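Undergrad: Just so it is clear, I am handing over input.txt, which has compact mmCIF, C-alpha atoms and all ligand atoms.
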```txt
# COMPACT_ATOMS: atom_id res chain seq x y z
CA MET A 287 76.71 249.51 -0.37
CA ALA A 288 78.70 251.81 -2.54
CA ILE A 289 78.73 253.28 -6.01
CA ARG A 290 81.79 251.98 -7.82
CA LYS A 291 83.95 253.75 -10.35
CA VAL A 292 83.27 252.57 -13.91
CA ALA A 293 86.30 251.55 -16.00
CA ARG A 294 86.52 253.39 -19.30
CA LEU A 295 87.80 252.38 -22.73
CA GLY A 296 91.55 251.93 -22.55
CA HIS A 297 91.59 250.37 -19.08
CA PRO A 298 93.11 246.88 -19.48
CA VAL A 299 90.49 245.27 -17.20
CA LEU A 300 87.91 245.76 -19.95
CA ARG A 301 90.03 243.56 -22.24
CA GLN A 302 90.57 240.65 -19.87
CA VAL A 303 88.49 237.47 -19.91
CA GLY A 304 86.70 237.29 -16.57
CA ARG A 305 87.36 234.38 -14.23
CA GLU A 306 84.54 231.95 -13.43
CA LEU A 307 83.17 231.96 -9.89
CA THR A 308 82.95 228.87 -7.67
CA LEU A 309 79.74 228.07 -5.79
CA GLY A 310 81.51 228.98 -2.58
CA GLU A 311 82.50 232.36 -3.95
CA ILE A 312 78.99 233.07 -5.25
CA ARG A 313 77.56 232.67 -1.75
CA SER A 314 80.35 234.65 -0.11
CA PRO A 315 79.70 238.05 1.50
CA GLU A 316 82.24 239.60 -0.87
CA ILE A 317 80.35 238.62 -4.02
CA GLN A 318 76.96 239.42 -2.50
CA ARG A 319 78.32 242.87 -1.65
CA LEU A 320 79.83 243.29 -5.13
CA VAL A 321 76.45 242.56 -6.71
CA GLN A 322 74.72 245.09 -4.44
CA ASP A 323 77.36 247.66 -5.40
CA MET A 324 76.87 246.87 -9.09
CA ILE A 325 73.10 247.35 -8.75
CA GLU A 326 73.66 250.69 -7.04
CA THR A 327 76.22 251.74 -9.65
CA MET A 328 73.97 250.75 -12.56
CA GLU A 329 71.07 252.70 -11.07
CA GLU A 330 73.28 255.73 -10.42
CA TYR A 331 74.38 255.88 -14.06
CA GLY A 332 71.01 254.92 -15.53
CA GLY A 333 72.32 251.79 -17.21
CA ILE A 334 70.30 248.73 -18.18
CA GLY A 335 73.13 246.32 -17.51
CA LEU A 336 76.55 246.25 -15.92
CA ALA A 337 79.34 243.71 -16.09
CA ALA A 338 81.82 243.07 -13.29
CA PRO A 339 84.86 244.05 -15.42
CA GLN A 340 83.26 247.50 -15.77
CA VAL A 341 83.77 247.96 -12.03
CA HIS A 342 87.33 246.58 -12.19
CA GLU A 343 86.42 243.01 -11.15
CA SER A 344 87.55 240.51 -13.79
CA LEU A 345 84.82 237.92 -13.10
CA GLN A 346 82.11 236.05 -15.03
CA LEU A 347 79.36 238.15 -13.48
CA ALA A 348 76.89 240.67 -14.90
CA ILE A 349 73.54 242.22 -14.02
CA ILE A 350 70.73 243.20 -16.38
CA GLY A 351 67.46 244.94 -15.66
CA TYR A 352 65.19 247.73 -16.84
CA GLU A 353 61.70 249.09 -16.33
CA ASP A 354 59.23 249.75 -19.11
CA GLU A 355 57.89 253.01 -17.71
CA ASN A 356 59.88 256.17 -17.04
CA SER A 357 62.79 254.72 -18.93
CA ARG A 358 64.58 255.52 -22.15
CA TYR A 359 63.35 252.24 -23.57
CA PRO A 360 59.55 252.46 -23.46
CA ASP A 361 59.09 250.15 -26.44
CA HIS A 362 61.11 247.28 -25.08
CA GLY A 363 59.05 246.07 -22.13
CA LYS A 364 60.83 245.41 -18.89
CA GLN A 365 63.35 242.93 -17.60
CA PRO A 366 63.42 242.11 -13.88
CA LEU A 367 66.83 242.57 -12.34
CA THR A 368 68.77 239.44 -13.28
CA VAL A 369 72.15 238.40 -11.88
CA VAL A 370 74.06 236.28 -14.39
CA ILE A 371 77.09 234.23 -13.29
CA ASN A 372 79.34 231.97 -15.42
CA PRO A 373 77.05 232.36 -18.46
CA LYS A 374 77.09 230.37 -21.69
CA ILE A 375 75.30 231.66 -24.79
CA THR A 376 73.65 229.46 -27.42
CA VAL A 377 72.42 231.16 -30.58
CA LEU A 378 68.86 230.05 -31.38
CA ASP A 379 68.27 232.35 -34.36
CA ALA A 380 71.33 233.84 -36.05
CA THR A 381 69.29 236.32 -38.07
CA ALA A 382 71.02 239.66 -37.53
CA GLN A 383 69.27 242.56 -35.87
CA ALA A 384 70.73 246.06 -35.55
CA PHE A 385 70.75 248.34 -32.51
CA TRP A 386 72.58 251.56 -31.83
CA GLU A 387 74.55 250.60 -28.72
CA GLY A 388 76.12 252.69 -26.02
CA CYS A 389 78.21 251.69 -23.04
CA LEU A 390 78.98 253.24 -19.66
CA SER A 391 82.63 252.39 -20.37
CA ILE A 392 82.54 254.28 -23.70
CA PRO A 393 80.59 257.38 -22.65
CA GLU A 394 78.97 259.83 -25.05
CA LEU A 395 79.29 257.53 -28.08
CA ARG A 396 76.88 255.32 -30.00
CA GLY A 397 77.54 252.71 -32.64
CA LEU A 398 75.35 250.49 -34.80
CA VAL A 399 75.90 246.81 -34.02
CA HIS A 400 74.39 243.71 -35.65
CA ARG A 401 73.86 240.65 -33.44
CA PRO A 402 71.82 237.42 -33.56
CA ARG A 403 68.18 238.07 -32.72
CA LYS A 404 67.49 235.10 -30.41
CA ILE A 405 69.72 233.35 -27.88
CA ARG A 406 69.57 231.14 -24.82
CA ILE A 407 71.71 231.95 -21.79
CA ASP A 408 72.59 229.19 -19.31
CA PHE A 409 73.98 230.64 -16.08
CA LEU A 410 74.07 230.49 -12.29
CA ASP A 411 72.03 232.92 -10.20
CA LEU A 412 73.09 234.64 -6.99
CA GLN A 413 72.11 231.54 -5.00
CA GLY A 414 74.27 229.37 -7.27
CA MET A 415 71.23 227.75 -8.89
CA GLN A 416 71.38 226.76 -12.59
CA ARG A 417 69.09 228.94 -14.70
CA ALA A 418 68.28 229.47 -18.35
CA ILE A 419 66.70 232.43 -20.13
CA VAL A 420 65.63 232.65 -23.75
CA ALA A 421 66.08 236.22 -24.98
CA GLU A 422 65.04 237.73 -28.28
CA ASP A 423 64.91 241.13 -29.94
CA PHE A 424 66.09 243.97 -27.67
CA LEU A 425 66.77 241.71 -24.68
CA ALA A 426 68.96 239.41 -26.80
CA THR A 427 71.17 242.36 -27.77
CA VAL A 428 71.33 243.56 -24.14
CA PHE A 429 72.50 240.13 -22.95
CA GLN A 430 75.05 239.81 -25.75
CA HIS A 431 76.45 243.29 -25.05
CA GLU A 432 76.83 242.55 -21.32
CA LEU A 433 78.22 239.06 -21.71
CA ASP A 434 80.73 240.30 -24.30
CA HIS A 435 82.23 242.35 -21.45
CA LEU A 436 83.01 239.08 -19.63
CA GLN A 437 85.06 237.98 -22.66
CA GLY A 438 86.98 241.25 -22.87
CA LYS A 439 84.95 242.45 -25.84
CA LEU A 440 83.29 245.83 -26.38
CA PHE A 441 80.53 246.84 -28.77
CA VAL A 442 82.99 248.70 -30.97
CA ASP A 443 84.65 245.33 -31.76
CA ARG A 444 81.34 244.16 -33.26
CA MET A 445 80.78 247.17 -35.50
CA GLU A 446 80.85 246.46 -39.22
CA ASP A 447 80.43 250.02 -40.50
CA MET A 448 82.43 252.72 -38.72
CA THR A 449 80.42 255.41 -40.50
CA LYS A 450 77.67 254.40 -38.01
CA PHE A 451 79.75 255.53 -35.01
CA ALA A 452 78.81 258.87 -33.51
CA PHE A 453 78.97 261.13 -30.50
CA LEU A 454 75.69 261.27 -28.64
CA ASP A 455 74.80 264.77 -29.85
CA GLU A 456 75.47 263.90 -33.48
CA TYR A 457 73.71 260.57 -33.07
CA GLN A 458 70.61 262.34 -31.81
CA LYS A 459 70.83 264.91 -34.58
CA TYR A 460 71.48 262.62 -37.54
CA TRP A 461 70.93 258.99 -36.68
CA VAL A 462 68.09 258.37 -34.21
CA PRO A 463 66.04 255.54 -35.76
CA GLY A 464 62.61 256.54 -37.01
CA ASP A 465 59.40 254.60 -36.36
CA ASP A 466 59.79 252.74 -39.64
CA SER A 467 63.40 251.77 -38.99
CA ASP A 468 64.49 248.26 -38.15
CA GLU A 469 67.23 249.73 -35.98
CA GLY A 470 66.85 250.31 -32.25
CA GLU A 471 69.01 251.79 -29.52
CA LEU A 472 70.32 250.89 -26.12
CA GLU A 473 72.97 251.92 -23.62
CA ASP A 474 74.16 249.52 -20.97
NI NI B 501 78.86 248.03 -22.01
```
Spell out the structure here as structure tokens.
Ligand code: NI
TA:
Amino acid sequence: MAIRKVARLGHPVLRQVGRELTLGEIRSPEIQRLVQDMIETMEEYGGIGLAAPQVHESLQLAIIGYEDENSRYPDHGKQPLTVVINPKITVLDATAQAFWEGCLSIPELRGLVHRPRKIRIDFLDLQGMQRAIVAEDFLATVFQHELDHLQGKLFVDRMEDMTKFAFLDEYQKYWVPGDDSDEGELED
């Protein structure tokens, strides 16, 4: 296993649409190793998700997972580590919800992004089995952020109000959502 270098904003790989994987590829040692490397890389950087293009692999593959305790997201429960391959999103509730998003590929910045609050994701797992997850609230935003990476999109593309774009220090000083706010925060 190895920690991989994370592509940063400006690298063309982040703007490419990832290629779908075949069942044969999914079960190959190369992809199994890539997923292990992505898990190690995500843990190293303290992310809650990582998409293959972020480690310079233009593929329809992402991982998502976070703990509820000892994390930066104590109010959002936990999500077991999930490997998502060739995903398709269906919006179940288009009502917009807002989170301050960050991204390992856009370090030290946060931006407020509105996304649908409930979605279903149909995908293949690491064994090539068809799966579906219904995600709402925080988890729905996490999935949409990660799966955007597979389409060459970044959270900054989804921002509607560039006055809600801040360096981490300034975000923490001026913008951290209060208890009564309907905004949340996440960094992938
Ligand atoms: Ni990201």
Undergrad: Taking into account all atoms listed in the file, which residue in the set A:Gly304, A:Gly388, A:Pro366, A:Pro298 is nearest to ligand NI 501 (chain B)?
TA: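 The closest residue to ligand NI 501 (chain B) is A:Gly388.
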Undergrad: Out of A:Tyr352, A:Met287, A:Arg406, A:Glu446, which residue has the shortest atom-to-atom distance to A:Glu316 when counting all atoms listed in the file?
TA: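 Of the candidates, the smallest distance to A:Glu316 is held by A:Met287.
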Undergrad: Residues up to 10 Å from ligand NI 501 (chain B), counting only C-alpha atoms and all ligand atoms: could you list those as a PyMOL selection string?
TA: chain A and resi 294-295+300+333-337+339-340+387-393+428+430-435+439-442+472-474
Undergrad: For A:Pro402, work out the shell of residues within 10 Å, counting all atoms listed in the file and skipping chain neighbours fewer than 3 positions away, then give it as a VMD selection string.
TA: chain A and resid 377 to 384 405 422 to 423 426 to 427 430
Undergrad: Identify, on the basis of all atoms listed in the file, every residue whose closest approach to A:Glu306 does not exceed 8 Å; exclude the query and any residue fewer than 6 positions from it along the same chain; express the result as a ChimeraX atom specification.
TA: /A:345-346,371-372
Undergrad: Please, what distance in Å, to one decimal, runs between atom CA of A:Thr308 and atom CA of A:Val370?
TA: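 These two atoms are separated by 13.4 Å.
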Undergrad: Of the residues A:Asp443, A:Gly414, A:Arg401, A:Arg396, which is the one nearest to A:Val462, using all atoms listed in the file?
TA: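 Using all atoms listed in the file, A:Val462 sits closest to A:Arg396.
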Undergrad: What does the distance between atom CA of A:Thr376 and atom CA of A:Ile312 come to in Å, to one decimal place?
TA: 23.1 Å
Undergrad: Between atom CA of A:Ile289 and atom CA of A:Gly332, what is the distance, to one decimal in Å?
TA: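 Those two atoms sit 12.4 Å apart.
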Undergrad: Using only C-alpha atoms for the distances, tell me which of A:Ala418, A:Leu347, A:Glu394, A:Thr327 is nearest to A:Glu456.
TA: A:Glu394
Undergrad: Go through A:Leu309, A:His297, A:Lys450, A:Met324 and flag the residue nearest A:Leu412, using all atoms listed in the file for the distances.
TA: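 Checking each candidate against A:Leu412, we get A:Leu309 as the closest.
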Undergrad: Given all atoms listed in the file as the basis, pick out the residue of A:Tyr331, A:Val292, A:Val369, A:Phe424 nearest to A:Gln318.
TA: A:Val369
Undergrad: Could you get me a file of stretch 323-339 of chain A with all heavy atoms, as a short mmCIF file (atom, residue, chain, number, x, y, z; two decimals), in the first residue's frame, taken from the block above?
TA:
```
data_model
loop_
_atom_site.label_atom_id
_atom_site.label_comp_id
_atom_site.auth_asym_id
_atom_site.auth_seq_id
_atom_site.Cartn_x
_atom_site.Cartn_y
_atom_site.Cartn_z
N ASP A 323 -4.80 1.99 -1.72
CA ASP A 323 -4.00 3.22 -1.68
C ASP A 323 -4.88 4.43 -1.41
O ASP A 323 -4.49 5.34 -0.67
CB ASP A 323 -3.27 3.43 -3.01
CG ASP A 323 -2.09 2.48 -3.18
OD1 ASP A 323 -1.78 1.72 -2.24
OD2 ASP A 323 -1.49 2.48 -4.28
N MET A 324 -6.07 4.45 -2.02
CA MET A 324 -6.98 5.59 -1.80
C MET A 324 -7.44 5.64 -0.34
O MET A 324 -7.55 6.72 0.24
CB MET A 324 -8.19 5.48 -2.75
CG MET A 324 -7.83 5.81 -4.20
SD MET A 324 -9.20 5.51 -5.35
CE MET A 324 -10.44 6.67 -4.76
N ILE A 325 -7.70 4.47 0.25
CA ILE A 325 -8.10 4.43 1.66
C ILE A 325 -6.97 4.98 2.53
O ILE A 325 -7.19 5.82 3.41
CB ILE A 325 -8.46 2.99 2.09
CG1 ILE A 325 -9.74 2.54 1.36
CG2 ILE A 325 -8.61 2.89 3.60
CD1 ILE A 325 -10.03 1.04 1.49
N GLU A 326 -5.75 4.54 2.24
CA GLU A 326 -4.60 5.00 3.01
C GLU A 326 -4.37 6.50 2.84
O GLU A 326 -4.07 7.22 3.79
CB GLU A 326 -3.35 4.22 2.58
CG GLU A 326 -2.24 4.23 3.59
CD GLU A 326 -1.12 3.28 3.20
OE1 GLU A 326 -1.38 2.25 2.55
OE2 GLU A 326 0.02 3.59 3.56
N THR A 327 -4.56 6.97 1.62
CA THR A 327 -4.37 8.40 1.32
C THR A 327 -5.43 9.24 2.02
O THR A 327 -5.13 10.27 2.63
CB THR A 327 -4.42 8.63 -0.21
OG1 THR A 327 -3.41 7.82 -0.82
CG2 THR A 327 -4.18 10.09 -0.55
N MET A 328 -6.69 8.78 1.96
CA MET A 328 -7.78 9.51 2.62
C MET A 328 -7.53 9.59 4.12
O MET A 328 -7.72 10.65 4.74
CB MET A 328 -9.11 8.82 2.33
CG MET A 328 -10.31 9.56 2.92
SD MET A 328 -11.88 8.81 2.46
CE MET A 328 -11.97 7.43 3.61
N GLU A 329 -7.10 8.49 4.72
CA GLU A 329 -6.84 8.48 6.16
C GLU A 329 -5.68 9.40 6.50
O GLU A 329 -5.70 10.12 7.50
CB GLU A 329 -6.58 7.05 6.64
CG GLU A 329 -7.84 6.20 6.60
CD GLU A 329 -7.61 4.74 6.95
OE1 GLU A 329 -6.44 4.33 7.00
OE2 GLU A 329 -8.61 4.02 7.15
N GLU A 330 -4.64 9.38 5.66
CA GLU A 330 -3.47 10.22 5.91
C GLU A 330 -3.85 11.70 5.97
O GLU A 330 -3.37 12.45 6.80
CB GLU A 330 -2.42 9.98 4.82
CG GLU A 330 -1.25 10.95 4.82
CD GLU A 330 -0.28 10.76 5.98
OE1 GLU A 330 -0.38 9.71 6.65
OE2 GLU A 330 0.55 11.66 6.23
N TYR A 331 -4.74 12.11 5.06
CA TYR A 331 -5.10 13.53 4.95
C TYR A 331 -6.34 13.88 5.75
O TYR A 331 -6.79 15.03 5.73
CB TYR A 331 -5.25 13.92 3.49
CG TYR A 331 -3.93 13.94 2.75
CD1 TYR A 331 -3.53 12.87 1.95
CD2 TYR A 331 -3.06 15.01 2.91
CE1 TYR A 331 -2.31 12.88 1.30
CE2 TYR A 331 -1.84 15.03 2.27
CZ TYR A 331 -1.47 13.96 1.47
OH TYR A 331 -0.25 13.97 0.84
N GLY A 332 -6.94 12.89 6.42
CA GLY A 332 -8.10 13.17 7.25
C GLY A 332 -9.34 13.52 6.46
O GLY A 332 -10.20 14.26 6.92
N GLY A 333 -9.45 12.99 5.25
CA GLY A 333 -10.63 13.25 4.43
C GLY A 333 -11.78 12.35 4.81
O GLY A 333 -11.63 11.39 5.59
N ILE A 334 -12.96 12.65 4.27
CA ILE A 334 -14.13 11.80 4.49
C ILE A 334 -14.58 11.17 3.18
O ILE A 334 -15.55 10.43 3.14
CB ILE A 334 -15.28 12.59 5.13
CG1 ILE A 334 -15.69 13.78 4.26
CG2 ILE A 334 -14.87 13.09 6.51
CD1 ILE A 334 -16.88 14.54 4.81
N GLY A 335 -13.85 11.45 2.14
CA GLY A 335 -14.09 10.85 0.84
C GLY A 335 -12.92 11.16 -0.06
O GLY A 335 -12.15 12.09 0.21
N LEU A 336 -12.76 10.34 -1.09
CA LEU A 336 -11.67 10.59 -2.05
C LEU A 336 -12.09 9.97 -3.38
O LEU A 336 -12.59 8.84 -3.41
CB LEU A 336 -10.36 9.98 -1.56
CG LEU A 336 -9.10 10.34 -2.34
CD1 LEU A 336 -8.73 11.82 -2.15
CD2 LEU A 336 -7.92 9.47 -1.89
N ALA A 337 -11.89 10.70 -4.44
CA ALA A 337 -12.25 10.23 -5.77
C ALA A 337 -10.98 9.90 -6.54
O ALA A 337 -9.94 10.55 -6.37
CB ALA A 337 -13.05 11.30 -6.51
N ALA A 338 -11.07 8.87 -7.40
CA ALA A 338 -9.89 8.42 -8.13
C ALA A 338 -9.17 9.54 -8.89
O ALA A 338 -7.94 9.59 -8.89
CB ALA A 338 -10.26 7.26 -9.06
N PRO A 339 -9.92 10.46 -9.55
CA PRO A 339 -9.20 11.54 -10.24
C PRO A 339 -8.32 12.38 -9.31
O PRO A 339 -7.34 12.97 -9.77
CB PRO A 339 -10.34 12.40 -10.82
CG PRO A 339 -11.46 11.42 -11.00
CD PRO A 339 -11.36 10.51 -9.82
#
```
